[in-house]
Each structure stands twice: as structure tokens, then as C-alpha cells.
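Engineer: Below you'll find input-v4.tsv; it's TSV, C-alpha atoms.
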chain	number	residue	atom	x	y	z
A	31	MET	CA	24.06	168.21	170.59
A	32	THR	CA	27.81	168.05	170.32
A	33	SER	CA	29.17	164.77	171.74
A	34	ILE	CA	32.85	164.18	172.32
A	35	SER	CA	34.43	160.90	173.42
A	36	GLY	CA	37.62	158.91	173.07
A	37	THR	CA	41.16	160.18	173.61
A	38	ASN	CA	41.11	163.89	172.94
A	39	HIS	CA	43.52	166.71	173.55
A	40	ASN	CA	44.42	170.14	172.20
A	41	ASN	CA	40.88	170.85	170.96
A	42	THR	CA	38.72	173.96	170.97
A	43	ILE	CA	35.00	174.60	170.56
A	44	GLN	CA	34.62	178.32	169.93
A	45	ARG	CA	32.36	180.96	168.42
A	46	CYS	CA	29.43	178.54	168.06
A	47	LYS	CA	25.75	179.18	168.66
A	48	ILE	CA	24.21	175.98	169.99
A	49	VAL	CA	20.44	175.93	170.51
A	50	VAL	CA	18.68	172.80	171.79
A	51	THR	CA	14.88	172.90	172.09
A	52	GLY	CA	12.19	170.40	172.98
A	53	SER	CA	11.31	168.56	176.18
A	54	ASN	CA	14.13	165.99	176.37
A	55	GLN	CA	16.05	166.55	179.62
A	56	SER	CA	18.74	164.12	178.39
A	57	ALA	CA	19.60	166.39	175.46
A	58	TYR	CA	22.84	168.30	176.05
A	59	SER	CA	24.23	171.25	174.13
A	60	ILE	CA	27.75	169.84	174.57
A	61	LEU	CA	28.38	166.37	176.04
A	62	MET	CA	31.87	165.17	176.90
A	63	TYR	CA	31.82	161.46	177.82
A	64	ILE	CA	35.32	160.75	179.00
A	65	THR	CA	36.50	157.18	178.51
A	66	ASN	CA	40.17	158.09	177.97
A	67	PRO	CA	42.30	161.05	179.07
A	68	PHE	CA	41.08	164.50	177.99
A	69	TYR	CA	43.41	167.47	178.32
A	70	ASN	CA	44.13	170.90	176.86
A	71	TRP	CA	40.49	171.60	176.04
A	72	ASN	CA	39.01	175.04	175.38
A	73	ILE	CA	35.35	176.00	175.20
A	74	LEU	CA	35.42	179.69	174.28
A	75	ASN	CA	33.09	182.45	173.14
A	76	ASN	CA	30.01	180.28	172.53
A	77	GLU	CA	26.32	181.06	172.94
A	78	ILE	CA	24.56	178.06	174.46
A	79	THR	CA	20.81	177.59	174.97
A	80	ASN	CA	19.00	174.40	176.01
A	81	THR	CA	15.41	174.86	177.15
A	82	SER	CA	15.07	171.41	178.78
A	83	GLY	CA	18.52	169.91	179.38
A	84	GLN	CA	22.07	170.91	180.31
A	85	GLY	CA	24.40	173.30	178.54
A	86	LEU	CA	27.78	171.59	179.01
A	87	ARG	CA	27.89	168.13	180.59
A	88	VAL	CA	31.21	166.45	181.35
A	89	GLU	CA	30.96	162.80	182.45
A	90	ALA	CA	34.33	162.06	184.03
A	91	PHE	CA	33.87	158.66	185.77
A	92	GLY	CA	37.38	158.56	187.22
A	93	ASP	CA	39.26	159.08	183.96
A	94	SER	CA	41.83	161.84	183.55
A	95	LEU	CA	40.51	165.30	182.76
A	96	TYR	CA	42.84	168.23	183.11
A	97	ASP	CA	43.74	171.65	181.74
A	98	MET	CA	40.28	172.65	180.55
A	99	ASN	CA	39.30	176.28	179.97
A	100	ILE	CA	35.62	177.31	179.84
A	101	SER	CA	35.71	181.02	179.16
A	102	GLN	CA	33.68	183.93	177.76
A	103	ASN	CA	30.60	181.83	177.00
A	104	ASN	CA	27.00	183.03	177.21
A	105	PHE	CA	24.75	180.36	178.75
A	106	HIS	CA	21.09	181.39	178.78
A	107	ASP	CA	17.63	179.84	179.02
A	108	ILE	CA	18.93	176.48	180.28
A	109	GLY	CA	16.41	173.93	181.62
A	110	LEU	CA	18.83	172.21	184.01
A	111	GLN	CA	22.49	173.05	184.83
A	112	ALA	CA	24.52	175.34	182.57
A	113	ILE	CA	27.82	173.54	183.35
A	114	ARG	CA	27.84	170.15	185.05
A	115	PHE	CA	30.80	167.91	185.82
A	116	ILE	CA	29.51	164.54	186.95
A	117	ASP	CA	31.20	161.56	188.58
A	118	VAL	CA	30.22	158.99	191.14
A	119	LYS	CA	31.32	159.74	194.69
A	120	SER	CA	33.77	156.82	194.84
A	121	HIS	CA	35.77	158.29	191.95
A	122	ALA	CA	35.73	161.92	193.13
A	123	SER	CA	38.92	161.55	195.12
A	124	SER	CA	42.22	163.27	195.65
A	125	THR	CA	43.71	161.09	192.90
A	126	SER	CA	40.97	161.02	190.27
A	127	SER	CA	39.18	164.39	190.28
A	128	PRO	CA	39.82	166.82	187.40
A	129	TYR	CA	42.50	169.48	187.76
A	130	GLY	CA	43.63	172.56	185.89
A	131	ILE	CA	39.98	173.56	185.35
A	132	SER	CA	39.28	177.23	184.65
A	133	ILE	CA	35.72	178.57	184.48
A	134	ASP	CA	35.95	182.31	183.95
A	135	HIS	CA	34.34	185.34	182.33
A	136	ASN	CA	31.11	183.47	181.53
A	137	ILE	CA	27.56	184.85	181.67
A	138	PHE	CA	24.75	182.66	183.04
A	139	THR	CA	21.18	183.98	182.65
A	140	ASP	CA	17.83	182.29	183.34
A	141	ILE	CA	19.23	178.90	184.42
A	142	GLN	CA	16.64	176.58	186.06
A	143	ARG	CA	19.18	174.64	188.15
A	144	SER	CA	22.76	175.51	189.11
A	145	ALA	CA	24.90	177.67	186.84
A	146	ILE	CA	27.92	175.51	187.76
A	147	GLU	CA	27.63	172.10	189.43
A	148	THR	CA	30.26	169.47	189.99
A	149	THR	CA	30.13	166.09	191.67
A	150	ALA	CA	33.49	165.20	190.09
A	151	GLY	CA	35.40	167.58	192.35
A	152	MET	CA	38.66	169.37	191.64
A	153	ARG	CA	42.04	168.37	193.01
A	154	TYR	CA	45.40	169.97	193.56
A	155	VAL	CA	48.20	169.22	191.12
A	156	GLU	CA	51.22	171.51	191.12
A	157	LYS	CA	51.25	174.06	188.26
A	158	HIS	CA	47.64	173.19	187.28
A	159	LEU	CA	45.44	175.87	188.87
A	160	ASN	CA	41.70	175.37	189.39
A	161	TYR	CA	39.99	178.73	188.96
A	162	ILE	CA	36.40	180.02	189.03
A	163	GLY	CA	36.33	183.77	188.54
A	164	TYR	CA	34.78	186.80	186.88
A	165	ASN	CA	31.53	184.98	186.11
A	166	THR	CA	28.11	186.67	186.15
A	167	ALA	CA	25.07	184.61	187.18
A	168	LEU	CA	21.63	186.22	186.92
A	169	ARG	CA	18.24	184.68	187.69
A	170	ILE	CA	19.32	181.20	188.74
A	171	GLY	CA	16.76	178.58	189.78
A	172	SER	CA	12.97	178.57	189.92
A	173	ASP	CA	10.24	178.73	192.53
A	174	ALA	CA	9.27	175.19	191.42
A	175	VAL	CA	12.75	173.63	191.79
A	176	PRO	CA	14.17	172.53	195.19
A	177	ASN	CA	17.73	172.85	196.50
A	178	VAL	CA	19.14	175.26	193.91
A	179	ASN	CA	22.53	176.91	194.52
A	180	ALA	CA	24.13	179.13	191.89
A	181	PHE	CA	27.53	177.38	192.15
A	182	GLN	CA	27.20	173.86	193.63
A	183	LEU	CA	30.81	172.75	194.10
A	184	ASN	CA	31.18	169.24	195.57
A	185	TRP	CA	34.52	167.64	196.43
A	186	ILE	CA	36.57	170.77	195.71
A	187	ARG	CA	40.01	170.28	197.24
A	188	SER	CA	41.89	173.18	195.66
A	189	ALA	CA	40.49	176.19	193.79
A	190	ILE	CA	40.61	179.96	193.65
A	191	ILE	CA	37.07	181.35	193.55
A	192	GLU	CA	36.96	185.12	193.12
A	193	HIS	CA	35.21	188.11	191.50
A	194	ASN	CA	31.93	186.33	190.69
A	195	TYR	CA	28.68	188.33	190.57
A	196	ILE	CA	25.51	186.43	191.50
A	197	ASP	CA	22.09	188.11	191.52
A	198	THR	CA	18.70	186.48	192.21
A	199	ILE	CA	18.56	182.80	193.18
A	200	ARG	CA	15.16	181.17	193.40
A	201	THR	CA	14.31	177.78	194.88
A	202	SER	CA	11.24	176.09	196.35
A	203	VAL	CA	13.10	174.93	199.48
A	204	PRO	CA	16.60	175.69	200.78
A	205	ASP	CA	19.45	175.90	199.94
A	206	GLY	CA	19.33	178.98	197.70
A	207	ASP	CA	23.03	179.79	198.26
A	208	GLY	CA	25.34	181.74	196.00
A	209	ILE	CA	28.37	179.48	196.24
A	210	ILE	CA	28.41	176.28	198.26
A	211	LEU	CA	31.50	174.15	198.69
A	212	ILE	CA	31.05	170.57	199.87
A	213	ILE	CA	34.27	168.78	200.69
A	214	PRO	CA	34.77	165.65	202.79
A	215	SER	CA	33.51	166.32	206.34
A	216	LEU	CA	32.90	170.04	205.70
A	217	ILE	CA	30.31	172.31	204.11
A	218	ILE	CA	31.14	175.97	203.50
A	219	THR	CA	28.72	178.52	202.10
A	220	ILE	CA	30.27	181.70	200.76
A	221	CYS	CA	29.25	184.78	198.80
A	222	VAL	CA	26.98	187.69	199.44
A	223	ILE	CA	23.74	187.30	197.51
A	224	ILE	CA	22.30	190.44	196.01
A	225	SER	CA	18.82	188.93	195.83
A	226	SER	CA	17.59	185.49	196.82
A	227	SER	CA	14.09	184.05	197.03
A	228	ILE	CA	12.96	180.79	198.61
Mind converting the file's structure to C-alpha cells?
Structural biologist:
Amino acid sequence: MTSISGTNHNNTIQRCKIVVTGSNQSAYSILMYITNPFYNWNILNNEITNTSGQGLRVEAFGDSLYDMNISQNNFHDIGLQAIRFIDVKSHASSTSSPYGISIDHNIFTDIQRSAIETTAGMRYVEKHLNYIGYNTALRIGSDAVPNVNAFQLNWIRSAIIEHNYIDTIRTSVPDGDGIILIIPSLIITICVIISSSI
């Protein structure tokens, strides 16, 4: 597990192969516990496997996170979520959610929960684009796991989501959606699913 905390900026994790095995669901391939501002972060060209836990977990808890690029990574054989931004609902607001987040050109294969999940949201800040594009997600979810969506995007207030390919989502009970956006007082489900099984 790679754990990152404190005040951090202008850092890159790249060209690493990170393999986590065992049965511990609290074991993360990369954990970012944000207690001070994090910005100008890059996670690039990594191969990430975690048979029980999460690939990349970002615990934001209302602190500043901005200008983060997650690009050209290969997430495969992940027991929970491949990428998860987590915050409590009271902090996921128009003034505390992350911004300038780019998740692009990643491959997600054989992920037991969502490929991308955020409860931290994303917010609009001028000149800091939120972008989710050109990702490939294959074989997401499991017949034994309820409520799986390939991209579970809660509290998204401003983002461009384009050119993502999603094929085969499995879940024991709905949802089973490709991309679901949950924002205050509104739920939007988008994306044509090539193959879905519930």
C-alpha cells in the first residue's frame, strides 16, 4: 500500500506495478488521506491490482484537493472500487468538493464494485476543468454484489464526461447502470451499455 498524507503538491506516482493480495478489504493500493491541501498530483501509467480492497482511495473530508490527473493506468482484478473519492455528505458541497480532477485514458477490467465512485463530488472553479473521458471499463461488478454502477458519480456539479467505453456490468439487484450522476435533487443515468446483467 502506498499512503500519502500531509501537505503535498507537485507530486507524481508513475510507471509502478502495485499488487495487493489477501483478504483485507481495508488494504488499498494507493491511499491519499487528505488532512491539508493537495494539488498538482499525477497518477500516471501504473498497473494496479488489489484482489480484496480498492485501487486508489482518496479521503477528502472537506480539505482542498484540486488539479489531480489520473491517466493511462491499468486497474484490473480489484475487489472493491478501482478509484474511490470519499467524503461525508455534509462536506461534499459547492465550496469544498474537489476540482480540476481529470480521469482519462484508463483501463478498468474485472472490478467487483464501481470502476469510478465518488461521494466527494466535483465542483466548478474557473480554469480548473473536471474531466472523465476516454476510459475503458470491462466486466464491472458481480452477480453477488448489489447496486453496482460502472461510474457512480455523486455530487457532481461540473464535469465533462465523454468518449468512455463500458461493456458488461453485473449486479445482484439494480442499478447496473453505465454512468449515474447523483446531484442535489436530481438523478441522471446516462450511457448506452453494450452488455449488462442483473
Engineer: Find the residues near Asn165 in chain A: any atom within 8 Å, counting only C-alpha atoms, skip ones fewer than 6 places away on the same chain, and give them as a PyMOL selection string.
Structural biologist: chain A and resi 133-138+193-195
Engineer: Identify the residues around (39.0, 180.9, 193.4) within a radius of 10 Å, measuring from all atoms listed in the file in the coordinates stated by the file, and give them as JSON, numbers by chain.
Structural biologist: {"A": [132, 133, 159, 160, 161, 162, 163, 164, 188, 189, 190, 191, 192, 193, 194]}
Engineer: Since we have the selection now, will you write its residues out, keeping C-alpha atoms, as a PDB file, in the frame of the given file?
Structural biologist:
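Result went into selection_13.pdb, see below:
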ATOM      1  CA  SER A 132      39.280 177.230 184.650  1.00  0.00           C
ATOM      2  CA  ILE A 133      35.720 178.570 184.480  1.00  0.00           C
ATOM      3  CA  LEU A 159      45.440 175.870 188.870  1.00  0.00           C
ATOM      4  CA  ASN A 160      41.700 175.370 189.390  1.00  0.00           C
ATOM      5  CA  TYR A 161      39.990 178.730 188.960  1.00  0.00           C
ATOM      6  CA  ILE A 162      36.400 180.020 189.030  1.00  0.00           C
ATOM      7  CA  GLY A 163      36.330 183.770 188.540  1.00  0.00           C
ATOM      8  CA  TYR A 164      34.780 186.800 186.880  1.00  0.00           C
ATOM      9  CA  SER A 188      41.890 173.180 195.660  1.00  0.00           C
ATOM     10  CA  ALA A 189      40.490 176.190 193.790  1.00  0.00           C
ATOM     11  CA  ILE A 190      40.610 179.960 193.650  1.00  0.00           C
ATOM     12  CA  ILE A 191      37.070 181.350 193.550  1.00  0.00           C
ATOM     13  CA  GLU A 192      36.960 185.120 193.120  1.00  0.00           C
ATOM     14  CA  HIS A 193      35.210 188.110 191.500  1.00  0.00           C
ATOM     15  CA  ASN A 194      31.930 186.330 190.690  1.00  0.00           C
TER      16      ASN A 194
END
Engineer: Which range 95-206 of chain A residues have any atom within 12 Å of an atom of range 70-80 of chain A, and for each, what is the nearest pair of atoms with distance in Å to one decimal, counting all atoms listed in the file, rows sorted by chain and number, as a Markdown table?
Structural biologist:
| residue | atom | partner | partner_atom | distance |
| --- | --- | --- | --- | --- |
| A:Leu95 | CA | A:Asn70 | CA | 8.9 |
| A:Tyr96 | CA | A:Asn70 | CA | 6.9 |
| A:Asp97 | CA | A:Asn70 | CA | 5.0 |
| A:Met98 | CA | A:Trp71 | CA | 4.6 |
| A:Asn99 | CA | A:Asn72 | CA | 4.8 |
| A:Ile100 | CA | A:Ile73 | CA | 4.8 |
| A:Ser101 | CA | A:Leu74 | CA | 5.1 |
| A:Gln102 | CA | A:Asn75 | CA | 4.9 |
| A:Asn103 | CA | A:Asn75 | CA | 4.6 |
| A:Asn104 | CA | A:Glu77 | CA | 4.8 |
| A:Phe105 | CA | A:Ile78 | CA | 4.9 |
| A:His106 | CA | A:Thr79 | CA | 5.4 |
| A:Asp107 | CA | A:Thr79 | CA | 5.6 |
| A:Ile108 | CA | A:Asn80 | CA | 4.8 |
| A:Gly109 | CA | A:Asn80 | CA | 6.2 |
| A:Leu110 | CA | A:Asn80 | CA | 8.3 |
| A:Gln111 | CA | A:Asn80 | CA | 9.6 |
| A:Ala112 | CA | A:Ile78 | CA | 8.6 |
| A:Ile113 | CA | A:Ile78 | CA | 10.5 |
| A:Tyr129 | CA | A:Asn70 | CA | 11.1 |
| A:Gly130 | CA | A:Asn70 | CA | 9.2 |
| A:Ile131 | CA | A:Trp71 | CA | 9.5 |
| A:Ser132 | CA | A:Asn72 | CA | 9.5 |
| A:Ile133 | CA | A:Ile73 | CA | 9.6 |
| A:Asp134 | CA | A:Leu74 | CA | 10.0 |
| A:His135 | CA | A:Asn75 | CA | 9.7 |
| A:Asn136 | CA | A:Asn75 | CA | 8.7 |
| A:Ile137 | CA | A:Glu77 | CA | 9.6 |
| A:Phe138 | CA | A:Ile78 | CA | 9.7 |
| A:Thr139 | CA | A:Thr79 | CA | 10.0 |
| A:Asp140 | CA | A:Thr79 | CA | 10.1 |
| A:Ile141 | CA | A:Asn80 | CA | 9.5 |
| A:Gln142 | CA | A:Asn80 | CA | 10.6 |
| A:His158 | CA | A:Asn70 | CA | 11.2 |
Engineer: Would you mind telling me which residue in A:Thr201, A:Thr148, A:Thr81, A:Thr125 lies nearest to Asp173 in chain A when using only C-alpha atoms?
Structural biologist: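 Closest candidate: A:Thr201.
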Engineer: For the atom pair CA of Trp185 in chain A and CA of Ser127 in chain A, what is the interatomic distance in Å to one decimal place?
Structural biologist: 8.4 Å
Engineer: Using only C-alpha atoms, which of A:Ser94, A:Phe181, A:Arg143, A:Glu156 sits nearest Pro128 in chain A?
Structural biologist: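 The closest residue to Pro128 in chain A is A:Ser94.
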Engineer: Just the number, please: distance in Å from CA of Ala167 in chain A to CA of Asp197 in chain A, one decimal.
Structural biologist: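 Distance reported for this atom pair: 6.3 Å.
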Engineer: With distances taken over all atoms listed in the file, which of A:Tyr69, A:Ala174, A:Gln55, A:Ile64 is nearest to Gly85 in chain A?
Structural biologist: A:Gln55
Engineer: Between CA of Ser126 in chain A and CA of Tyr58 in chain A, what distance in Å does the model show, to one decimal?
Structural biologist: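 Here the two named atoms are 24.2 Å from each other.
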Engineer: Which of these residues is nearest to Asn38 in chain A, using only C-alpha atoms: A:Thr65, A:Ser172, A:Ser202, A:Ser82?
Structural biologist: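 Counting only C-alpha atoms, the residue closest to Asn38 in chain A is A:Thr65.
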Engineer: Taking all atoms of range 55-66 of chain A that the file lists and extending 8 Å past them on each side, where is the centre of the axis-aligned box and how long are its edges? Answer in Å to one decimal, as lines of an AutoDock Vina configuration file.
Structural biologist:
center_x = 28.1
center_y = 164.2
center_z = 176.9
size_x = 40.1
size_y = 30.1
size_z = 21.5
Engineer: Counting only C-alpha atoms, figure out which residue out of A:Ala145, A:Ala90, A:Ile43, A:Ile210 gets nearest to Asn66 in chain A.
Structural biologist: A:Ala90
Engineer: Can you work out which one of A:Asn177, A:Ser144, A:Gln84, A:Ser53 has the shortest atom-to-atom distance to Pro204 in chain A, counting all atoms listed in the file?
Structural biologist: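 Under the stated criterion, the closest residue is A:Asn177.
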